[in-house]
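> What follows is my_file.txt, made up of compact mmCIF, C-alpha atoms and all ligand atoms:
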```txt
# COMPACT_ATOMS: atom_id res chain seq x y z
CA GLN A 1 101.96 58.87 91.66
CA SER A 2 105.58 59.64 92.54
CA THR A 3 106.57 59.99 96.18
CA ASP A 4 109.79 61.86 95.36
CA PRO A 5 109.35 65.34 96.86
CA ASP A 6 111.64 66.80 94.20
CA ALA A 7 109.62 65.30 91.35
CA ALA A 8 108.42 67.96 88.90
CA ALA A 9 104.81 69.10 89.34
CA PRO A 10 102.45 67.59 86.76
CA ALA A 11 102.82 69.31 83.41
CA THR A 12 99.87 71.62 82.82
CA PRO A 13 99.55 73.99 79.83
CA ALA A 14 100.64 76.87 82.11
CA ALA A 15 103.62 75.07 83.71
CA ASP A 16 106.19 76.76 81.49
CA SER A 17 104.65 80.25 81.67
CA ALA A 18 106.85 83.25 82.53
CA PHE A 19 104.85 83.75 85.73
CA LEU A 20 105.36 80.23 87.10
CA ARG A 21 108.99 80.22 85.96
CA ALA A 22 109.64 83.47 87.87
CA CYS A 23 107.92 82.05 90.98
CA ARG A 24 110.30 79.07 90.75
CA ARG A 25 113.25 81.48 90.20
CA GLU A 26 113.98 80.04 86.76
CA PRO A 27 115.10 82.12 83.75
CA VAL A 28 112.20 83.93 82.02
CA PRO A 29 111.66 85.27 78.47
CA HIS A 30 110.40 88.55 80.02
CA THR A 31 109.42 89.74 83.50
CA PRO A 32 105.86 88.52 84.14
CA VAL A 33 103.29 91.08 85.29
CA TRP A 34 99.82 90.94 86.84
CA PHE A 35 97.97 93.29 89.19
CA MET A 36 96.24 92.70 92.48
CA ARG A 37 92.61 93.77 91.91
CA GLN A 38 93.12 93.75 88.14
CA ALA A 39 89.48 92.64 87.85
CA GLY A 40 87.19 95.19 89.41
CA ARG A 41 85.77 98.65 89.40
CA SER A 42 88.51 100.26 87.32
CA LEU A 43 87.13 98.35 84.31
CA PRO A 44 83.89 99.57 82.64
CA GLU A 45 83.18 96.01 81.43
CA TYR A 46 83.33 94.88 85.10
CA ARG A 47 80.88 97.53 86.27
CA LYS A 48 78.51 96.48 83.50
CA ALA A 49 78.78 92.75 84.29
CA ARG A 50 78.19 93.33 88.03
CA GLU A 51 75.26 95.75 87.59
CA GLY A 52 72.51 94.97 90.11
CA ILE A 53 74.31 91.90 91.56
CA PRO A 54 75.65 92.15 95.14
CA MET A 55 79.39 91.41 95.34
CA LEU A 56 79.08 88.23 97.41
CA ASP A 57 76.24 86.87 95.27
CA SER A 58 78.41 87.33 92.17
CA CYS A 59 81.14 85.16 93.74
CA PHE A 60 78.82 82.12 93.67
CA MET A 61 77.87 82.50 89.96
CA PRO A 62 80.50 80.46 88.04
CA GLU A 63 79.93 81.92 84.54
CA LEU A 64 80.02 85.47 85.89
CA VAL A 65 83.15 84.77 87.98
CA ALA A 66 84.87 83.33 84.90
CA GLU A 67 83.85 86.29 82.72
CA ILE A 68 85.06 88.90 85.24
CA THR A 69 88.34 87.01 85.82
CA MET A 70 88.97 86.95 82.05
CA GLN A 71 88.28 90.66 81.48
CA PRO A 72 91.74 92.01 82.47
CA VAL A 73 93.49 89.07 80.77
CA ARG A 74 91.83 89.99 77.47
CA ARG A 75 92.30 93.73 77.88
CA TYR A 76 95.89 93.88 79.14
CA GLY A 77 97.55 90.59 78.19
CA VAL A 78 98.76 90.15 81.77
CA ASP A 79 100.86 87.04 82.50
CA ALA A 80 98.41 85.59 85.05
CA ALA A 81 94.72 85.70 85.88
CA VAL A 82 93.63 86.13 89.50
CA PHE A 83 90.47 84.36 90.50
CA PHE A 84 87.58 86.78 90.99
CA SER A 85 86.25 86.26 94.52
CA ASP A 86 86.90 87.71 97.96
CA ILE A 87 88.72 86.73 101.11
CA VAL A 88 85.35 86.48 102.93
CA THR A 89 83.76 84.17 100.30
CA PRO A 90 84.31 80.99 102.40
CA LEU A 91 82.70 82.73 105.40
CA LYS A 92 79.65 83.45 103.26
CA ALA A 93 79.72 79.81 102.12
CA ILE A 94 79.31 78.53 105.70
CA GLY A 95 76.32 80.78 106.22
CA LEU A 96 77.77 83.65 108.23
CA ASP A 97 75.62 86.79 108.14
CA LEU A 98 77.89 89.15 106.22
CA GLU A 99 77.92 91.44 103.21
CA ILE A 100 80.38 93.55 101.28
CA LYS A 101 79.22 97.15 101.43
CA PRO A 102 80.29 99.15 98.35
CA GLY A 103 82.99 101.66 99.28
CA VAL A 104 83.31 100.13 102.77
CA GLY A 105 84.28 96.45 102.60
CA PRO A 106 83.15 93.31 104.45
CA VAL A 107 80.67 93.91 107.28
CA ILE A 108 79.84 91.08 109.71
CA ALA A 109 76.50 91.22 111.56
CA GLU A 110 77.63 89.47 114.74
CA PRO A 111 81.34 89.99 115.47
CA VAL A 112 83.40 87.26 117.16
CA ARG A 113 84.19 88.40 120.70
CA ALA A 114 83.85 85.30 122.94
CA ALA A 115 84.70 81.59 122.90
CA ALA A 116 81.06 80.65 122.17
CA ASP A 117 81.28 82.64 118.90
CA LEU A 118 83.80 80.10 117.57
CA ASP A 119 80.96 77.60 117.22
CA ARG A 120 79.79 79.48 114.13
CA LEU A 121 83.13 78.94 112.40
CA ARG A 122 83.99 75.71 110.58
CA ALA A 123 85.64 74.73 107.29
CA PRO A 124 83.20 74.74 104.33
CA GLU A 125 81.85 71.42 103.00
CA PRO A 126 82.70 70.59 99.35
CA ASP A 127 79.12 71.28 98.18
CA GLU A 128 79.23 74.73 99.77
CA LEU A 129 82.23 75.59 97.59
CA ALA A 130 81.01 73.75 94.47
CA PRO A 131 80.41 77.04 92.56
CA ILE A 132 84.01 78.06 93.32
CA ALA A 133 85.37 74.78 91.93
CA ALA A 134 83.08 75.09 88.89
CA ALA A 135 84.31 78.62 88.15
CA VAL A 136 87.96 77.53 88.41
CA ARG A 137 87.32 74.63 86.02
CA LEU A 138 85.68 76.96 83.47
CA LEU A 139 88.64 79.29 83.77
CA THR A 140 91.47 76.79 83.45
CA ALA A 141 89.80 75.47 80.29
CA GLU A 142 89.54 78.97 78.82
CA LEU A 143 92.93 80.26 80.00
CA GLY A 144 95.08 77.54 78.39
CA ALA A 145 98.74 78.51 78.91
CA THR A 146 97.91 81.54 81.11
CA PRO A 147 98.14 80.54 84.78
CA LEU A 148 95.30 81.13 87.23
CA ILE A 149 96.21 82.41 90.70
CA GLY A 150 93.89 81.28 93.46
CA PHE A 151 93.84 83.17 96.73
CA GLY A 152 92.58 83.32 100.27
CA GLY A 153 92.62 85.60 103.30
CA ALA A 154 95.32 85.02 105.88
CA PRO A 155 94.18 84.19 109.42
CA PHE A 156 95.08 87.60 110.92
CA THR A 157 93.40 89.71 108.24
CA LEU A 158 90.25 87.57 108.11
CA ALA A 159 90.08 87.38 111.91
CA SER A 160 90.36 91.17 112.08
CA TYR A 161 87.14 91.49 110.05
CA LEU A 162 85.46 88.83 112.21
CA ILE A 163 86.49 90.50 115.49
CA GLU A 164 85.98 94.15 114.48
CA GLY A 165 82.77 93.39 112.55
CA GLY A 166 84.09 95.39 109.59
CA PRO A 167 87.07 97.37 108.32
CA SER A 168 89.26 99.02 110.95
CA LYS A 169 92.17 101.44 111.14
CA GLY A 170 93.53 100.74 114.63
CA PHE A 171 92.38 97.10 115.12
CA GLU A 172 91.54 97.88 118.75
CA HIS A 173 89.18 94.94 119.35
CA THR A 174 91.53 92.58 117.52
CA LYS A 175 94.54 93.59 119.60
CA ALA A 176 92.51 93.68 122.81
CA MET A 177 91.77 90.00 122.20
CA MET A 178 95.33 89.20 121.11
CA TYR A 179 96.81 90.65 124.31
CA GLY A 180 93.88 90.07 126.66
CA ASP A 181 92.77 86.56 125.71
CA PRO A 182 95.60 85.06 123.65
CA GLN A 183 94.09 81.59 123.97
CA LEU A 184 90.85 82.66 122.29
CA PHE A 185 92.75 84.72 119.71
CA THR A 186 94.98 81.83 118.67
CA ALA A 187 92.02 79.41 118.66
CA LEU A 188 90.18 81.81 116.32
CA LEU A 189 93.16 82.17 113.97
CA ASP A 190 93.62 78.41 113.95
CA ARG A 191 90.00 77.92 112.89
CA VAL A 192 90.26 80.61 110.21
CA ALA A 193 93.39 78.82 108.96
CA ASP A 194 91.28 75.69 108.35
CA ILE A 195 88.62 77.74 106.53
CA THR A 196 91.15 79.43 104.23
CA SER A 197 93.04 76.16 103.66
CA THR A 198 89.83 74.53 102.41
CA PHE A 199 89.13 77.53 100.15
CA LEU A 200 92.66 77.33 98.69
CA LEU A 201 92.64 73.54 98.24
CA THR A 202 89.31 73.82 96.39
CA GLN A 203 90.87 76.26 93.94
CA ILE A 204 94.10 74.27 93.52
CA ASP A 205 92.35 70.95 93.04
CA ALA A 206 90.07 72.50 90.40
CA GLY A 207 93.10 73.77 88.45
CA ALA A 208 94.62 76.93 89.96
CA SER A 209 98.40 76.90 89.33
CA ALA A 210 99.54 79.20 92.17
CA ILE A 211 98.02 80.68 95.31
CA GLN A 212 98.36 83.99 97.11
CA LEU A 213 97.65 84.37 100.81
CA PHE A 214 96.54 87.95 101.49
CA ASP A 215 97.52 89.21 104.94
CA SER A 216 96.71 92.75 103.93
CA TRP A 217 96.49 94.29 107.40
CA VAL A 218 99.22 92.32 109.25
CA GLY A 219 101.61 95.28 108.91
CA SER A 220 99.84 96.66 111.98
CA VAL A 221 101.41 93.91 114.13
CA ALA A 222 104.89 94.15 115.72
CA PRO A 223 107.29 91.37 114.58
CA VAL A 224 107.56 89.84 118.06
CA ASP A 225 103.76 89.57 118.29
CA TYR A 226 103.53 88.35 114.70
CA ARG A 227 105.83 85.44 115.47
CA GLN A 228 104.02 84.55 118.68
CA TYR A 229 100.35 84.98 117.80
CA VAL A 230 99.98 85.06 114.00
CA GLN A 231 102.70 83.15 112.17
CA PRO A 232 101.72 79.65 113.42
CA ALA A 233 98.24 80.01 111.86
CA SER A 234 99.60 81.34 108.54
CA ALA A 235 102.19 78.52 108.54
CA LYS A 236 99.33 76.03 109.01
CA VAL A 237 97.70 77.32 105.80
CA PHE A 238 100.92 77.06 103.77
CA ALA A 239 101.57 73.58 105.16
CA ALA A 240 98.05 72.49 104.22
CA VAL A 241 98.68 73.21 100.54
CA ALA A 242 102.40 72.26 100.43
CA ASP A 243 101.89 68.81 98.91
CA ARG A 244 100.10 70.28 95.89
CA GLY A 245 103.42 71.71 94.66
CA VAL A 246 102.05 75.05 93.42
CA PRO A 247 103.94 78.31 94.18
CA ARG A 248 102.71 80.04 97.33
CA ILE A 249 102.76 83.85 97.46
CA HIS A 250 102.41 85.78 100.73
CA PHE A 251 101.46 89.45 100.70
CA GLY A 252 100.69 92.23 103.16
CA VAL A 253 100.79 96.03 103.24
CA GLY A 254 103.27 97.94 105.42
CA THR A 255 105.22 94.76 106.14
CA GLY A 256 108.77 96.11 105.79
CA GLU A 257 109.66 94.83 109.26
CA LEU A 258 107.95 91.46 108.66
CA LEU A 259 109.32 90.43 105.27
CA ARG A 260 111.55 87.65 106.58
CA ASP A 261 108.81 86.31 108.87
CA LEU A 262 106.27 86.31 106.01
CA GLY A 263 108.63 84.19 103.93
CA GLU A 264 109.42 81.88 106.81
CA ALA A 265 105.72 81.20 107.35
CA GLY A 266 106.08 78.96 104.28
CA ALA A 267 105.93 81.14 101.17
CA ASP A 268 107.88 80.63 97.95
CA VAL A 269 107.26 84.23 96.83
CA VAL A 270 107.06 87.27 99.12
CA GLY A 271 104.94 90.23 98.05
CA VAL A 272 106.42 93.65 98.82
CA ASP A 273 104.54 96.95 99.00
CA TRP A 274 106.07 100.16 97.58
CA ARG A 275 107.79 101.28 100.80
CA VAL A 276 110.84 98.97 100.58
CA PRO A 277 112.93 98.84 97.36
CA LEU A 278 113.17 95.31 95.98
CA HIS A 279 116.97 95.02 96.37
CA GLU A 280 116.53 95.84 100.08
CA ALA A 281 113.52 93.51 100.34
CA GLU A 282 115.70 90.70 98.97
CA ARG A 283 118.23 91.32 101.75
CA ARG A 284 115.47 91.29 104.39
CA VAL A 285 113.70 88.19 103.06
CA GLY A 286 116.91 86.18 102.72
CA PRO A 287 117.87 83.59 100.11
CA GLY A 288 115.68 81.13 98.28
CA LYS A 289 112.51 83.18 97.69
CA ALA A 290 111.18 85.06 94.69
CA LEU A 291 109.76 88.58 95.16
CA GLN A 292 106.58 90.18 93.83
CA GLY A 293 105.90 93.91 93.50
CA ASN A 294 106.21 96.75 94.00
CA LEU A 295 105.05 99.80 92.02
CA ASP A 296 103.27 102.44 94.11
CA PRO A 297 99.63 102.26 92.90
CA ALA A 298 99.45 106.06 93.09
CA THR A 299 101.94 106.36 90.20
CA LEU A 300 99.03 105.29 87.97
CA PHE A 301 97.72 108.84 88.45
CA ALA A 302 100.99 110.46 87.30
CA PRO A 303 101.64 111.58 83.69
CA PRO A 304 102.69 108.69 81.37
CA ALA A 305 106.38 109.66 81.30
CA ALA A 306 106.55 109.75 85.12
CA LEU A 307 104.75 106.40 85.27
CA ASP A 308 107.30 104.90 82.86
CA ALA A 309 110.13 106.20 85.04
CA ALA A 310 108.59 104.69 88.17
CA VAL A 311 108.16 101.31 86.43
CA GLN A 312 111.77 101.46 85.24
CA ARG A 313 112.96 102.13 88.78
CA VAL A 314 111.20 98.98 90.03
CA LEU A 315 112.79 97.00 87.18
CA ASP A 316 116.22 98.44 88.02
CA ASP A 317 115.78 97.52 91.71
CA ALA A 318 114.86 93.97 90.65
CA ALA A 319 117.54 93.59 87.98
CA ARG A 320 119.69 91.18 89.96
CA LEU A 321 116.88 89.11 91.52
CA PRO A 322 116.64 85.50 90.33
CA GLY A 323 112.84 85.64 90.53
CA HIS A 324 110.73 88.78 90.09
CA VAL A 325 107.00 89.02 89.41
CA PHE A 326 106.04 92.60 88.57
CA ASN A 327 102.96 93.88 90.41
CA LEU A 328 101.70 96.93 92.22
CA GLY A 329 102.53 97.35 95.90
CA HIS A 330 98.78 96.97 96.63
CA GLY A 331 95.55 96.65 94.64
CA VAL A 332 94.51 98.67 91.59
CA PRO A 333 92.64 101.76 92.86
CA PRO A 334 88.98 101.73 91.68
CA ASN A 335 89.42 105.06 89.88
CA ALA A 336 92.63 104.07 88.05
CA ASP A 337 92.76 104.64 84.27
CA PRO A 338 92.89 101.25 82.46
CA GLY A 339 95.03 102.94 79.79
CA GLN A 340 97.76 103.48 82.38
CA LEU A 341 97.64 99.81 83.42
CA ALA A 342 97.92 98.73 79.78
CA ARG A 343 100.95 101.05 79.51
CA VAL A 344 102.63 99.34 82.48
CA VAL A 345 102.11 95.85 81.04
CA ASP A 346 103.53 96.86 77.66
CA TYR A 347 106.45 98.71 79.24
CA VAL A 348 107.45 95.73 81.41
CA HIS A 349 107.13 93.27 78.54
CA GLU A 350 109.05 95.44 76.05
CA ASN A 351 111.86 96.43 78.40
CA THR A 352 112.71 93.10 79.99
CA VAL A 353 113.12 90.83 76.94
CA ARG A 354 115.91 88.33 77.50
CA SER A 355 117.58 86.34 74.74
O1 LIG A 401 92.52 90.98 92.56
C1 LIG A 401 91.53 90.63 91.90
O2 LIG A 401 91.25 91.10 90.78
C2 LIG A 401 90.71 89.47 92.43
C3 LIG A 401 89.62 89.84 93.23
C4 LIG A 401 89.75 90.23 94.68
C5 LIG A 401 88.68 90.91 95.32
N1 LIG A 401 88.95 90.96 96.65
C6 LIG A 401 87.47 91.40 94.65
C7 LIG A 401 86.76 92.53 95.25
C8 LIG A 401 90.70 89.94 95.64
C9 LIG A 401 92.04 89.28 95.49
C10 LIG A 401 90.18 90.40 96.89
C11 LIG A 401 90.85 90.21 98.17
C12 LIG A 401 90.48 91.07 99.32
N2 LIG A 401 89.22 91.40 99.76
C13 LIG A 401 91.40 91.60 100.24
C14 LIG A 401 92.90 91.41 100.14
C15 LIG A 401 93.46 92.25 99.05
C16 LIG A 401 93.75 93.66 99.41
O3 LIG A 401 93.25 94.54 98.70
O4 LIG A 401 94.47 93.89 100.39
C17 LIG A 401 90.69 92.31 101.20
C18 LIG A 401 91.28 93.08 102.36
C19 LIG A 401 89.31 92.16 100.91
C20 LIG A 401 88.15 92.72 101.65
C21 LIG A 401 87.43 93.66 100.76
N3 LIG A 401 86.53 93.27 99.79
C22 LIG A 401 87.58 95.07 100.65
C23 LIG A 401 88.48 95.92 101.54
C24 LIG A 401 86.75 95.50 99.60
C25 LIG A 401 86.62 96.90 99.03
C26 LIG A 401 85.42 97.64 99.49
C27 LIG A 401 85.18 98.82 98.58
O5 LIG A 401 84.11 98.87 97.97
O6 LIG A 401 86.06 99.70 98.49
C28 LIG A 401 86.10 94.37 99.10
C29 LIG A 401 85.15 94.34 97.97
C30 LIG A 401 85.70 93.84 96.70
N4 LIG A 401 86.44 92.70 96.56
C31 LIG A 401 85.53 94.44 95.43
C32 LIG A 401 86.17 93.61 94.51
C33 LIG A 401 86.25 93.77 93.01
C34 LIG A 401 84.72 95.69 95.14
C35 LIG A 401 83.29 95.27 95.07
C36 LIG A 401 82.50 96.15 94.17
O7 LIG A 401 82.72 96.09 92.95
O8 LIG A 401 81.63 96.85 94.69
```
Please go through the file and, once you have read it, give me the structure as structure tokens.


Amino acid sequence: QSTDPDAAAPATPAADSAFLRACRREPVPHTPVWFMRQAGRSLPEYRKAREGIPMLDSCFMPELVAEITMQPVRRYGVDAAVFFSDIVTPLKAIGLDLEIKPGVGPVIAEPVRAAADLDRLRAPEPDELAPIAAAVRLLTAELGATPLIGFGGAPFTLASYLIEGGPSKGFEHTKAMMYGDPQLFTALLDRVADITSTFLLTQIDAGASAIQLFDSWVGSVAPVDYRQYVQPASAKVFAAVADRGVPRIHFGVGTGELLRDLGEAGADVVGVDWRVPLHEAERRVGPGKALQGNLDPATLFAPPAALDAAVQRVLDDAARLPGHVFNLGHGVPPNADPGQLARVVDYVHENTVRS
């Protein structure tokens, strides 16, 4: 094993893929494209596969996880697969009483509100994540040269579910703890960082060739508070996986004012929602990072010609970036038309061919 930090990562079948090349800001044959939530309710074959199986049960069934992860790869020919799971999967693995309610999201029976509640939180043991590792191994064998993106929930977003007990709009309990008991808040985020790090390392060590840290709801936090209370925990996650040498993507919604801080937490690729054009996002992020995004998911409901125009605008905004991974600015809406997603993939591939 080489100790040279600049040594190339081990050559895997996916190493030279357009997706990984774009993450490394190398020249690409075409702009790579995948979609957050590409596997899920928008696909009839997904709804059929999941029939009668609760979401969090399905995440611990390796064959089913592999099948659902493959569905959008087969249907669309996207440039990367994203592991089918959820940000709360490692919390389920350590025995927390939680479920994902359809149409609602993760619901936690006993929210974390006091120091004693931290005792219930610890990093998962390897055997508790064995089905996750098994699913990743099945997938990397089947995917060949198509990279698999592993993912985890960032400390703030996961902690917000733990503190609120479920989805929230205003994050009142979360912010009451952040401002009122910063010691407990940072201790909680630090512990969640260890949980997510273990979840990510499990996926990487089983064969995932990139990871994405989802801080979906961190856009609700002011930059000064982000840097003080949140960034150290997210940085701990990125540092925990740094020696694996896989590209690290960092994404949140409504993060226009946080783009530089998200990158500086330790990401190689910064995800951008649809509110900030990519040329402006590049200026805010600063040099040395690739960008991912940023088509407004709602354009999927527009007529095909208007969708094409919106895709072209994203490509125009990204034309001078050294590294661009095409994606939506957030997840695929459950009622999106798969035909429109197929149209986006074909449009990006056909209109970005480089000699
Ligand atoms: O992107 C993919 O295709 C991979 C799968 C994936 C899921 N969840 C599957 C899922 C990923 C990457 C996630 C991450 C996730 N989970 C995030 C971050 C991404 C984002 O959208 O910002 C968050 C905030 C969660 C928490 C969560 N889980 C929510 C808000 C929901 C939706 C609740 C609903 O029914 O509207 C879930 C459930 C969930 N996770 C579904 C899927 C396919 C729907 C479950 C179902 O089919 O009933």

> If we count only C-alpha atoms, what is near Phe185 in chain A at a cut-off of 12 Å, once residues fewer than 2 positions away on the same chain are taken out, given as a PDB file with C-alpha atoms, in the coordinates of the input?


```
ATOM      1  CA  VAL A 112      83.400  87.260 117.160  1.00  0.00           C
ATOM      2  CA  ARG A 113      84.190  88.400 120.700  1.00  0.00           C
ATOM      3  CA  ALA A 114      83.850  85.300 122.940  1.00  0.00           C
ATOM      4  CA  ALA A 115      84.700  81.590 122.900  1.00  0.00           C
ATOM      5  CA  ASP A 117      81.280  82.640 118.900  1.00  0.00           C
ATOM      6  CA  LEU A 118      83.800  80.100 117.570  1.00  0.00           C
ATOM      7  CA  PRO A 155      94.180  84.190 109.420  1.00  0.00           C
ATOM      8  CA  PHE A 156      95.080  87.600 110.920  1.00  0.00           C
ATOM      9  CA  ALA A 159      90.080  87.380 111.910  1.00  0.00           C
ATOM     10  CA  SER A 160      90.360  91.170 112.080  1.00  0.00           C
ATOM     11  CA  LEU A 162      85.460  88.830 112.210  1.00  0.00           C
ATOM     12  CA  ILE A 163      86.490  90.500 115.490  1.00  0.00           C
ATOM     13  CA  HIS A 173      89.180  94.940 119.350  1.00  0.00           C
ATOM     14  CA  THR A 174      91.530  92.580 117.520  1.00  0.00           C
ATOM     15  CA  LYS A 175      94.540  93.590 119.600  1.00  0.00           C
ATOM     16  CA  ALA A 176      92.510  93.680 122.810  1.00  0.00           C
ATOM     17  CA  MET A 177      91.770  90.000 122.200  1.00  0.00           C
ATOM     18  CA  MET A 178      95.330  89.200 121.110  1.00  0.00           C
ATOM     19  CA  TYR A 179      96.810  90.650 124.310  1.00  0.00           C
ATOM     20  CA  GLY A 180      93.880  90.070 126.660  1.00  0.00           C
ATOM     21  CA  ASP A 181      92.770  86.560 125.710  1.00  0.00           C
ATOM     22  CA  PRO A 182      95.600  85.060 123.650  1.00  0.00           C
ATOM     23  CA  GLN A 183      94.090  81.590 123.970  1.00  0.00           C
ATOM     24  CA  ALA A 187      92.020  79.410 118.660  1.00  0.00           C
ATOM     25  CA  LEU A 188      90.180  81.810 116.320  1.00  0.00           C
ATOM     26  CA  LEU A 189      93.160  82.170 113.970  1.00  0.00           C
ATOM     27  CA  ASP A 190      93.620  78.410 113.950  1.00  0.00           C
ATOM     28  CA  ARG A 191      90.000  77.920 112.890  1.00  0.00           C
ATOM     29  CA  VAL A 192      90.260  80.610 110.210  1.00  0.00           C
ATOM     30  CA  GLN A 228     104.020  84.550 118.680  1.00  0.00           C
ATOM     31  CA  TYR A 229     100.350  84.980 117.800  1.00  0.00           C
ATOM     32  CA  VAL A 230      99.980  85.060 114.000  1.00  0.00           C
ATOM     33  CA  ALA A 233      98.240  80.010 111.860  1.00  0.00           C
TER      34      ALA A 233
END
```

> Restrict the calculation to only C-alpha atoms and all ligand atoms, then for each residue of chain A with any atom at most 6 Å from an atom of ligand LIG 401 (chain A) give the closest atom pair and their distance in Å to one decimal, rows by chain and rising residue number, as a Markdown table.


```
| residue | atom | partner | partner_atom | distance |
| --- | --- | --- | --- | --- |
| A:Met36 | CA | A:LIG401 | O1 | 4.1 |
| A:Arg37 | CA | A:LIG401 | O1 | 2.9 |
| A:Gln38 | CA | A:LIG401 | O2 | 4.2 |
| A:Ala39 | CA | A:LIG401 | O2 | 3.8 |
| A:Gly40 | CA | A:LIG401 | C33 | 4.0 |
| A:Arg41 | CA | A:LIG401 | O7 | 5.3 |
| A:Met55 | CA | A:LIG401 | C35 | 5.5 |
| A:Val82 | CA | A:LIG401 | C2 | 5.3 |
| A:Phe83 | CA | A:LIG401 | C2 | 5.5 |
| A:Phe84 | CA | A:LIG401 | C3 | 4.3 |
| A:Ser85 | CA | A:LIG401 | C3 | 5.1 |
| A:Asp86 | CA | A:LIG401 | N1 | 4.1 |
| A:Ile87 | CA | A:LIG401 | N2 | 4.9 |
| A:Ile100 | CA | A:LIG401 | C29 | 5.9 |
| A:Pro102 | CA | A:LIG401 | O5 | 3.8 |
| A:Gly103 | CA | A:LIG401 | O5 | 3.3 |
| A:Val104 | CA | A:LIG401 | C26 | 4.6 |
| A:Gly105 | CA | A:LIG401 | C26 | 3.5 |
| A:Pro106 | CA | A:LIG401 | C21 | 5.7 |
| A:Phe214 | CA | A:LIG401 | C14 | 5.2 |
| A:Ser216 | CA | A:LIG401 | O4 | 4.3 |
| A:Gly331 | CA | A:LIG401 | O3 | 5.1 |
```

> List the spatial neighbours of Pro32 in chain A as a compact mmCIF listing (two decimals) with C-alpha atoms, in the coordinates of the input - criterion: any atom at most 6 Å away, only C-alpha atoms, same-chain residues fewer than 3 positions off excluded.


```txt
# COMPACT_ATOMS: atom_id res chain seq x y z
CA ALA A 18 106.85 83.25 82.53
CA PHE A 19 104.85 83.75 85.73
CA ASP A 79 100.86 87.04 82.50
CA VAL A 325 107.00 89.02 89.41
```

> For the atom pair CA of Lys48 in chain A and CA of Lys101 in chain A, what is the interatomic distance in Å to one decimal place?

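Separation of CA of Lys48 in chain A and CA of Lys101 in chain A: 18.0 Å.
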
> Choose the residue, out of A:Pro126, A:Pro322, A:Gly254, A:Gly166, that has the smallest atom-to-atom separation from Ala206 in chain A; count all atoms listed in the file.

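So, comparing all the options, the nearest one is A:Pro126.
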
> Find the residues near His324 in chain A: any atom within 6 Å, counting all atoms listed in the file, skip ones fewer than 4 places away on the same chain, and give them as a list in words.

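Here the answer would be Ala22, Ala290, Leu291 and Gln292 of chain A.
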
> Give me, as a ChimeraX atom specification, all polymer residues having an atom no more than 7 Å from range 198-205 of chain A, counting all atoms listed in the file and skipping those fewer than 3 positions away in the same chain.

/A:90,123-124,133,136,150-152,194-195,208-209,241

> Which residue, A:Lys236, A:Arg343, A:Arg21, A:Arg354, has the smallest gap to Ala319 in chain A when you use only C-alpha atoms?

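Of A:Lys236, A:Arg343, A:Arg21, A:Arg354, the one nearest Ala319 in chain A, counting only C-alpha atoms, is A:Arg354.
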
> Would you mind listing what lies within 7 Å of Trp217 in chain A as a PyMOL selection string, with all atoms listed in the file counted and same-chain residues fewer than 5 positions away left out?

chain A and resi 157+252-253

> Could the residues in this selection be saved with C-alpha atoms as a CSV table (one decimal), in the coordinates of the input?


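Everything below was put into again20.csv:
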```csv
chain,number,residue,atom,x,y,z
A,157,THR,CA,93.4,89.7,108.2
A,252,GLY,CA,100.7,92.2,103.2
A,253,VAL,CA,100.8,96.0,103.2
```

> Choose the residue, out of A:Ala49, A:Ala265, A:Ala93, A:Leu184, that has the smallest atom-to-atom separation from Pro131 in chain A; count only C-alpha atoms.

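For Pro131 in chain A, the nearest of the given residues is A:Ala93.
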
> For the atom pair CA of Ala66 in chain A and CA of Leu138 in chain A, what is the interatomic distance in Å to one decimal place?

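Going from CA of Ala66 in chain A over to CA of Leu138 in chain A covers 6.6 Å.
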
> What does the distance between CA of Asp127 in chain A and CA of Pro62 in chain A come to in Å, to one decimal place?

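It comes out at 13.7 Å.
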
> Which residue gives the smallest distance to Val88 in chain A among A:Leu143, A:Val344, A:Val28, A:Leu158, with all atoms listed in the file counted?

A:Leu158

> Given the point (101.5, 92.2, 83.2) in the coordinates of this file, which residues lie within 10 Å, counting all atoms listed in the file, and how would they look as a PyMOL selection string?

chain A and resi 19+31-35+38+72-73+76-81+325-327+341-349

> Take the selection from the previous step and output its residues with C-alpha atoms, as an mmCIF file, in the coordinates of the input.


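And here is the file that came out, result.cif:
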```
data_model
loop_
_atom_site.group_PDB
_atom_site.id
_atom_site.type_symbol
_atom_site.label_atom_id
_atom_site.label_comp_id
_atom_site.auth_asym_id
_atom_site.auth_seq_id
_atom_site.Cartn_x
_atom_site.Cartn_y
_atom_site.Cartn_z
ATOM 1 C CA PHE A 19 104.850 83.750 85.730
ATOM 2 C CA THR A 31 109.420 89.740 83.500
ATOM 3 C CA PRO A 32 105.860 88.520 84.140
ATOM 4 C CA VAL A 33 103.290 91.080 85.290
ATOM 5 C CA TRP A 34 99.820 90.940 86.840
ATOM 6 C CA PHE A 35 97.970 93.290 89.190
ATOM 7 C CA GLN A 38 93.120 93.750 88.140
ATOM 8 C CA PRO A 72 91.740 92.010 82.470
ATOM 9 C CA VAL A 73 93.490 89.070 80.770
ATOM 10 C CA TYR A 76 95.890 93.880 79.140
ATOM 11 C CA GLY A 77 97.550 90.590 78.190
ATOM 12 C CA VAL A 78 98.760 90.150 81.770
ATOM 13 C CA ASP A 79 100.860 87.040 82.500
ATOM 14 C CA ALA A 80 98.410 85.590 85.050
ATOM 15 C CA ALA A 81 94.720 85.700 85.880
ATOM 16 C CA VAL A 325 107.000 89.020 89.410
ATOM 17 C CA PHE A 326 106.040 92.600 88.570
ATOM 18 C CA ASN A 327 102.960 93.880 90.410
ATOM 19 C CA LEU A 341 97.640 99.810 83.420
ATOM 20 C CA ALA A 342 97.920 98.730 79.780
ATOM 21 C CA ARG A 343 100.950 101.050 79.510
ATOM 22 C CA VAL A 344 102.630 99.340 82.480
ATOM 23 C CA VAL A 345 102.110 95.850 81.040
ATOM 24 C CA ASP A 346 103.530 96.860 77.660
ATOM 25 C CA TYR A 347 106.450 98.710 79.240
ATOM 26 C CA VAL A 348 107.450 95.730 81.410
ATOM 27 C CA HIS A 349 107.130 93.270 78.540
#
```
